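What follows is my_file24.tsv (TSV, C-alpha atoms).
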chain	number	residue	atom	x	y	z
B	1	MET	CA	-21.82	-30.18	4.41
B	2	GLY	CA	-22.00	-27.35	1.87
B	3	LEU	CA	-22.07	-24.77	4.66
B	4	CYS	CA	-18.91	-26.24	6.18
B	5	LEU	CA	-17.15	-26.26	2.81
B	6	GLY	CA	-18.21	-22.66	2.18
B	7	LEU	CA	-17.03	-21.57	5.60
B	8	GLY	CA	-13.71	-23.37	5.10
B	9	TYR	CA	-13.20	-21.66	1.76
B	10	TRP	CA	-14.08	-18.26	3.26
B	11	LEU	CA	-11.67	-18.76	6.18
B	12	ARG	CA	-8.82	-19.72	3.83
B	13	SER	CA	-9.49	-16.91	1.33
B	14	PRO	CA	-6.73	-14.30	1.26
B	15	VAL	CA	-7.37	-10.78	2.49
B	16	VAL	CA	-5.39	-7.57	2.29
B	17	TYR	CA	-5.03	-6.43	5.87
B	18	ILE	CA	-4.02	-2.98	7.05
B	19	ALA	CA	-3.04	-3.27	10.70
B	20	CYS	CA	-1.73	-1.19	13.54
B	21	GLU	CA	-2.24	-1.49	17.28
B	22	GLY	CA	-5.88	-0.57	17.84
B	23	PHE	CA	-6.67	-0.29	14.14
B	24	GLY	CA	-7.32	-2.88	11.45
B	25	ARG	CA	-9.23	-3.31	8.21
B	26	ALA	CA	-9.53	-6.33	5.92
B	27	TYR	CA	-10.40	-6.48	2.22
B	28	GLY	CA	-10.84	-9.56	0.05
B	29	ALA	CA	-7.59	-9.82	-1.92
B	30	ARG	CA	-8.09	-9.83	-5.68
B	31	PRO	CA	-5.26	-9.87	-8.21
B	32	GLY	CA	-4.91	-6.34	-9.57
B	33	MET	CA	-6.67	-4.72	-6.61
B	34	ASP	CA	-5.50	-1.10	-6.24
B	35	ILE	CA	-3.60	0.29	-3.28
B	36	HIS	CA	-2.50	3.90	-3.36
B	37	LEU	CA	-0.09	5.57	-0.93
B	38	ARG	CA	0.48	9.31	-0.62
B	39	PHE	CA	2.90	11.17	1.61
B	40	ILE	CA	4.88	14.36	1.80
B	41	HIS	CA	8.58	13.68	1.16
B	42	SER	CA	10.59	14.38	4.30
B	43	VAL	CA	13.38	16.27	2.49
B	44	GLN	CA	11.75	17.72	-0.63
B	45	LYS	CA	8.47	18.61	1.19
B	46	THR	CA	6.50	17.75	-1.95
B	47	PRO	CA	3.83	15.04	-2.46
B	48	VAL	CA	4.83	11.53	-3.51
B	49	GLU	CA	2.26	8.97	-4.65
B	50	GLU	CA	2.84	5.27	-5.11
B	51	TYR	CA	0.40	3.08	-7.01
B	52	LEU	CA	0.45	-0.64	-6.24
B	53	THR	CA	-1.70	-3.64	-7.00
B	54	VAL	CA	-2.16	-7.03	-5.42
B	55	SER	CA	0.12	-9.41	-7.33
B	56	PRO	CA	-1.41	-12.08	-9.59
B	57	ASP	CA	-0.54	-14.83	-7.08
B	58	ARG	CA	-1.89	-12.74	-4.15
B	59	ARG	CA	1.40	-13.10	-2.29
B	60	GLY	CA	2.21	-9.41	-2.08
B	61	PHE	CA	2.10	-6.14	-3.94
B	62	ASP	CA	3.51	-4.95	-7.25
B	63	LEU	CA	4.53	-1.29	-7.59
B	64	LEU	CA	3.06	0.01	-10.84
B	65	TYR	CA	4.42	3.55	-10.73
B	66	THR	CA	5.53	6.41	-8.55
B	67	ARG	CA	4.42	9.98	-9.10
B	68	TYR	CA	6.21	12.99	-7.62
B	69	GLN	CA	6.84	16.69	-8.19
B	70	SER	CA	10.55	17.24	-7.59
B	71	PHE	CA	13.91	15.55	-7.97
B	72	GLY	CA	16.06	15.02	-4.94
B	73	VAL	CA	17.40	12.74	-2.27
B	74	GLY	CA	15.42	9.52	-1.97
B	75	LEU	CA	13.40	9.95	-5.16
B	76	PRO	CA	14.03	7.53	-8.05
B	77	PHE	CA	15.13	8.86	-11.42
B	78	LEU	CA	17.79	6.56	-12.92
B	79	PRO	CA	17.00	4.69	-16.17
B	80	SER	CA	17.73	1.42	-14.35
B	81	GLU	CA	14.85	2.18	-11.95
B	82	GLY	CA	12.15	2.40	-14.63
B	83	LYS	CA	10.82	4.65	-17.37
B	84	LEU	CA	10.61	8.33	-16.38
B	85	ARG	CA	8.18	10.71	-18.04
B	86	GLN	CA	6.73	14.11	-17.25
B	87	GLU	CA	3.01	14.90	-17.14
B	88	GLY	CA	2.31	18.55	-16.35
B	89	ASP	CA	4.08	19.43	-13.11
B	90	CYS	CA	4.62	15.80	-12.15
B	91	PHE	CA	7.23	13.16	-12.88
B	92	ILE	CA	6.05	9.57	-13.24
B	93	LEU	CA	8.36	6.60	-12.97
B	94	ASP	CA	6.80	3.33	-14.13
B	95	GLY	CA	8.01	-0.07	-15.25
B	96	MET	CA	9.92	-0.39	-11.99
B	97	GLY	CA	9.29	-4.13	-11.63
B	98	ARG	CA	9.28	-4.00	-7.83
B	99	HIS	CA	7.45	-6.58	-5.73
B	100	TYR	CA	6.84	-6.26	-2.00
B	101	PRO	CA	5.66	-9.22	0.11
B	102	SER	CA	4.28	-6.68	2.60
B	103	LEU	CA	4.39	-2.94	3.29
B	104	SER	CA	5.58	-1.39	6.55
B	105	LEU	CA	4.79	2.29	7.01
B	106	ARG	CA	5.05	4.88	9.79
B	107	PRO	CA	3.26	8.23	9.84
B	108	GLY	CA	5.82	10.91	10.65
B	109	LEU	CA	5.73	14.59	11.46
B	110	GLY	CA	4.51	16.47	8.39
B	111	THR	CA	4.37	13.39	6.15
B	112	GLU	CA	0.57	13.30	5.87
B	113	LEU	CA	0.74	9.55	5.19
B	114	THR	CA	-2.51	8.45	3.54
B	115	VAL	CA	-3.53	5.02	2.21
B	116	TRP	CA	-6.39	4.22	-0.17
B	117	ILE	CA	-7.61	0.64	-0.50
B	118	GLU	CA	-10.66	-0.11	-2.64
B	119	GLY	CA	-11.51	3.59	-2.62
B	120	ASP	CA	-11.48	3.83	1.20
B	121	GLU	CA	-9.18	6.59	2.46
B	122	TYR	CA	-7.19	6.28	5.67
B	123	ARG	CA	-5.36	9.41	6.80
B	124	LEU	CA	-2.96	7.52	9.03
B	125	TYR	CA	-1.34	10.74	10.23
B	126	GLU	CA	-4.73	11.71	11.76
B	127	LEU	CA	-5.81	8.23	12.91
B	128	LEU	CA	-2.62	7.09	14.64
B	129	PRO	CA	0.13	8.46	16.88
B	130	LEU	CA	3.25	9.58	14.97
B	131	GLY	CA	5.71	6.75	14.48
B	132	SER	CA	3.10	3.99	14.77
B	133	LEU	CA	3.99	0.92	12.75
B	134	VAL	CA	1.38	0.21	10.09
B	135	GLU	CA	1.60	-3.09	8.24
B	136	ILE	CA	-0.22	-3.96	5.05
B	137	TYR	CA	-0.05	-7.60	4.09
B	138	ILE	CA	-1.97	-10.49	2.57
B	139	ALA	CA	-2.90	-13.48	4.68
B	140	PRO	CA	-5.66	-16.09	4.89
B	141	ARG	CA	-8.73	-14.72	6.67
B	142	TYR	CA	-8.41	-17.26	9.52
B	143	GLN	CA	-4.99	-15.81	10.44
B	144	ILE	CA	-6.51	-12.35	10.72
B	145	ILE	CA	-9.42	-13.61	12.83
B	146	THR	CA	-7.18	-15.60	15.19
B	147	GLY	CA	-4.54	-12.87	15.40
B	148	ARG	CA	-1.77	-14.94	13.81
B	149	SER	CA	-0.54	-12.67	11.03
B	150	GLY	CA	1.43	-13.96	8.10
B	151	SER	CA	3.67	-10.90	7.87
What does this structure look like when you write it as structure tokens?
Amino acid sequence: MGLCLGLGYWLRSPVVYIACEGFGRAYGARPGMDIHLRFIHSVQKTPVEEYLTVSPDRRGFDLLYTRYQSFGVGLPFLPSEGKLRQEGDCFILDGMGRHYPSLSLRPGLGTELTVWIEGDEYRLYELLPLGSLVEIYIAPRYQIITGRSGS
């Protein structure tokens, strides 16, 4: 009986899943768990880093802050978008209050899209063909095992 209850709990436990055709990794979803994205901005050609965590309810991701090296098209800077400060050569925008139920990413030419989850680094631009859809989402483990994603 206890084994069945334990297995049921394990199957229903939420996981952060990074998925693309032919590639997938699952991590037990904990509130506050770090996810870090890094890419080269397509226009500015400078690095952009986004720091997210698993939301307290484990129903998505909260953007903590964005770090970048130059102002320009597609980079946030308005006071309504958060609090901007400078640290060395970098600008950091935090307090953005953005929540994402899931993340959809595509490695592009020259973007060097990289994802870190729980300290594991995935250089998606080296692992996958350019333009591949990569989805990061939270779902119960049984949905991942059976192939029925919640995204």
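Restricting the calculation to only C-alpha atoms, the smallest distance between Arg98 of chain B and any of B:Leu133, B:Leu52, B:Ile40, B:Leu63 is found for B:Leu63.
For the atom pair formed by atom CA of Pro101 of chain B and atom CA of Arg12 of chain B, the distance is 18.3 Å, given to one decimal.
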Worksheet item: Restricting the calculation to all atoms listed in the file, which member of B:Gly119, B:Pro56, B:Gly82, B:Pro14 is positioned closest to Leu37 of chain B?
Response: B:Gly119
Name the residues in contact with Gly95 of chain B at a cut-off of 8 Å, using all atoms listed in the file, excluding same-chain residues fewer than 4 positions from it; report them as a CSV table (one decimal) with C-alpha atoms, in the frame of the given file.
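The result, written out as selection.csv:
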chain,number,residue,atom,x,y,z
B,64,LEU,CA,3.1,0.0,-10.8
B,65,TYR,CA,4.4,3.6,-10.7
B,81,GLU,CA,14.8,2.2,-12.0
B,82,GLY,CA,12.2,2.4,-14.6
B,83,LYS,CA,10.8,4.6,-17.4
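The two atoms in question, atom CA of Val54 of chain B and atom CA of Pro31 of chain B, are spaced 5.0 Å apart.
What separates atom CA of Leu84 of chain B from atom CA of Pro107 of chain B is a distance of 27.2 Å.
Shortest atom-to-atom contact with Ala139 of chain B among B:Arg58, B:Lys45, B:Arg38, B:Arg67: B:Arg58, counting only C-alpha atoms.
Within the 9 Å cut-off around Leu113 of chain B, using all atoms listed in the file and omitting residues fewer than 2 positions from it on the same chain, the listed residues are B:Leu37, B:Arg38, B:Phe39, B:Ile40, B:Leu105, B:Arg106, B:Pro107, B:Gly108, B:Gly110, B:Thr111, B:Val115, B:Tyr122, B:Arg123, B:Leu124, B:Tyr125, B:Glu126.
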Fill in: Spatial neighbours of Gly22 of chain B, 12 Å, all atoms listed in the file, chain gap at least 3 places, as a ChimeraX atom specification
/B:18-19,25,127-129,132-134
Supply segment 94-115 of chain B as a PDB file, in the coordinates of the input, with N, CA, C and O atoms built in where the input has gaps.
ATOM      1  N   ASP B  94       7.506   4.614 -14.099  1.00  0.00           N
ATOM      2  CA  ASP B  94       6.800   3.330 -14.130  1.00  0.00           C
ATOM      3  C   ASP B  94       7.712   2.265 -14.707  1.00  0.00           C
ATOM      4  O   ASP B  94       8.860   2.508 -15.034  1.00  0.00           O
ATOM      5  N   GLY B  95       7.190   1.054 -14.781  1.00  0.00           N
ATOM      6  CA  GLY B  95       8.010  -0.070 -15.250  1.00  0.00           C
ATOM      7  C   GLY B  95       9.116  -0.416 -14.277  1.00  0.00           C
ATOM      8  O   GLY B  95      10.168  -0.900 -14.675  1.00  0.00           O
ATOM      9  N   MET B  96       8.875  -0.190 -13.000  1.00  0.00           N
ATOM     10  CA  MET B  96       9.920  -0.390 -11.990  1.00  0.00           C
ATOM     11  C   MET B  96      10.142  -1.862 -11.654  1.00  0.00           C
ATOM     12  O   MET B  96      11.206  -2.233 -11.190  1.00  0.00           O
ATOM     13  N   GLY B  97       9.136  -2.696 -11.878  1.00  0.00           N
ATOM     14  CA  GLY B  97       9.290  -4.130 -11.630  1.00  0.00           C
ATOM     15  C   GLY B  97       9.585  -4.473 -10.184  1.00  0.00           C
ATOM     16  O   GLY B  97      10.312  -5.419  -9.919  1.00  0.00           O
ATOM     17  N   ARG B  98       9.028  -3.727  -9.253  1.00  0.00           N
ATOM     18  CA  ARG B  98       9.280  -4.000  -7.830  1.00  0.00           C
ATOM     19  C   ARG B  98       8.104  -4.748  -7.222  1.00  0.00           C
ATOM     20  O   ARG B  98       6.953  -4.404  -7.432  1.00  0.00           O
ATOM     21  N   HIS B  99       8.445  -5.782  -6.447  1.00  0.00           N
ATOM     22  CA  HIS B  99       7.450  -6.580  -5.730  1.00  0.00           C
ATOM     23  C   HIS B  99       7.744  -6.481  -4.238  1.00  0.00           C
ATOM     24  O   HIS B  99       8.907  -6.530  -3.831  1.00  0.00           O
ATOM     25  N   TYR B 100       6.704  -6.336  -3.450  1.00  0.00           N
ATOM     26  CA  TYR B 100       6.840  -6.260  -2.000  1.00  0.00           C
ATOM     27  C   TYR B 100       5.939  -7.312  -1.362  1.00  0.00           C
ATOM     28  O   TYR B 100       4.718  -7.285  -1.567  1.00  0.00           O
ATOM     29  N   PRO B 101       6.502  -8.231  -0.586  1.00  0.00           N
ATOM     30  CA  PRO B 101       5.660  -9.220   0.110  1.00  0.00           C
ATOM     31  C   PRO B 101       4.688  -8.543   1.081  1.00  0.00           C
ATOM     32  O   PRO B 101       3.571  -9.007   1.286  1.00  0.00           O
ATOM     33  N   SER B 102       5.124  -7.441   1.680  1.00  0.00           N
ATOM     34  CA  SER B 102       4.280  -6.680   2.600  1.00  0.00           C
ATOM     35  C   SER B 102       4.794  -5.241   2.598  1.00  0.00           C
ATOM     36  O   SER B 102       5.875  -4.958   2.077  1.00  0.00           O
ATOM     37  N   LEU B 103       4.010  -4.353   3.195  1.00  0.00           N
ATOM     38  CA  LEU B 103       4.390  -2.940   3.290  1.00  0.00           C
ATOM     39  C   LEU B 103       4.406  -2.551   4.757  1.00  0.00           C
ATOM     40  O   LEU B 103       3.453  -2.846   5.489  1.00  0.00           O
ATOM     41  N   SER B 104       5.473  -1.904   5.184  1.00  0.00           N
ATOM     42  CA  SER B 104       5.580  -1.390   6.550  1.00  0.00           C
ATOM     43  C   SER B 104       5.734   0.119   6.456  1.00  0.00           C
ATOM     44  O   SER B 104       6.666   0.613   5.807  1.00  0.00           O
ATOM     45  N   LEU B 105       4.837   0.837   7.098  1.00  0.00           N
ATOM     46  CA  LEU B 105       4.790   2.290   7.010  1.00  0.00           C
ATOM     47  C   LEU B 105       4.726   2.893   8.407  1.00  0.00           C
ATOM     48  O   LEU B 105       4.248   2.245   9.340  1.00  0.00           O
ATOM     49  N   ARG B 106       5.162   4.145   8.528  1.00  0.00           N
ATOM     50  CA  ARG B 106       5.050   4.880   9.790  1.00  0.00           C
ATOM     51  C   ARG B 106       4.687   6.321   9.486  1.00  0.00           C
ATOM     52  O   ARG B 106       5.436   6.994   8.776  1.00  0.00           O
ATOM     53  N   PRO B 107       3.560   6.812  10.018  1.00  0.00           N
ATOM     54  CA  PRO B 107       3.260   8.230   9.840  1.00  0.00           C
ATOM     55  C   PRO B 107       4.266   9.058  10.640  1.00  0.00           C
ATOM     56  O   PRO B 107       4.537   8.757  11.798  1.00  0.00           O
ATOM     57  N   GLY B 108       4.846  10.059   9.992  1.00  0.00           N
ATOM     58  CA  GLY B 108       5.820  10.910  10.650  1.00  0.00           C
ATOM     59  C   GLY B 108       5.362  12.353  10.661  1.00  0.00           C
ATOM     60  O   GLY B 108       4.369  12.717  10.013  1.00  0.00           O
ATOM     61  N   LEU B 109       6.063  13.174  11.345  1.00  0.00           N
ATOM     62  CA  LEU B 109       5.730  14.590  11.460  1.00  0.00           C
ATOM     63  C   LEU B 109       5.742  15.238  10.082  1.00  0.00           C
ATOM     64  O   LEU B 109       6.742  15.199   9.370  1.00  0.00           O
ATOM     65  N   GLY B 110       4.614  15.765   9.674  1.00  0.00           N
ATOM     66  CA  GLY B 110       4.510  16.470   8.390  1.00  0.00           C
ATOM     67  C   GLY B 110       4.413  15.586   7.168  1.00  0.00           C
ATOM     68  O   GLY B 110       4.346  16.099   6.050  1.00  0.00           O
ATOM     69  N   THR B 111       4.384  14.264   7.329  1.00  0.00           N
ATOM     70  CA  THR B 111       4.370  13.390   6.150  1.00  0.00           C
ATOM     71  C   THR B 111       2.976  13.205   5.556  1.00  0.00           C
ATOM     72  O   THR B 111       2.860  12.806   4.401  1.00  0.00           O
ATOM     73  N   GLU B 112       1.942  13.453   6.338  1.00  0.00           N
ATOM     74  CA  GLU B 112       0.570  13.300   5.870  1.00  0.00           C
ATOM     75  C   GLU B 112       0.335  11.959   5.176  1.00  0.00           C
ATOM     76  O   GLU B 112      -0.308  11.878   4.126  1.00  0.00           O
ATOM     77  N   LEU B 113       0.853  10.891   5.762  1.00  0.00           N
ATOM     78  CA  LEU B 113       0.740   9.550   5.190  1.00  0.00           C
ATOM     79  C   LEU B 113      -0.730   9.131   5.076  1.00  0.00           C
ATOM     80  O   LEU B 113      -1.459   9.090   6.069  1.00  0.00           O
ATOM     81  N   THR B 114      -1.138   8.838   3.837  1.00  0.00           N
ATOM     82  CA  THR B 114      -2.510   8.450   3.540  1.00  0.00           C
ATOM     83  C   THR B 114      -2.489   7.189   2.681  1.00  0.00           C
ATOM     84  O   THR B 114      -1.646   7.053   1.799  1.00  0.00           O
ATOM     85  N   VAL B 115      -3.408   6.277   2.957  1.00  0.00           N
ATOM     86  CA  VAL B 115      -3.530   5.020   2.210  1.00  0.00           C
ATOM     87  C   VAL B 115      -4.958   4.919   1.683  1.00  0.00           C
ATOM     88  O   VAL B 115      -5.911   5.208   2.406  1.00  0.00           O
TER      89      VAL B 115
END
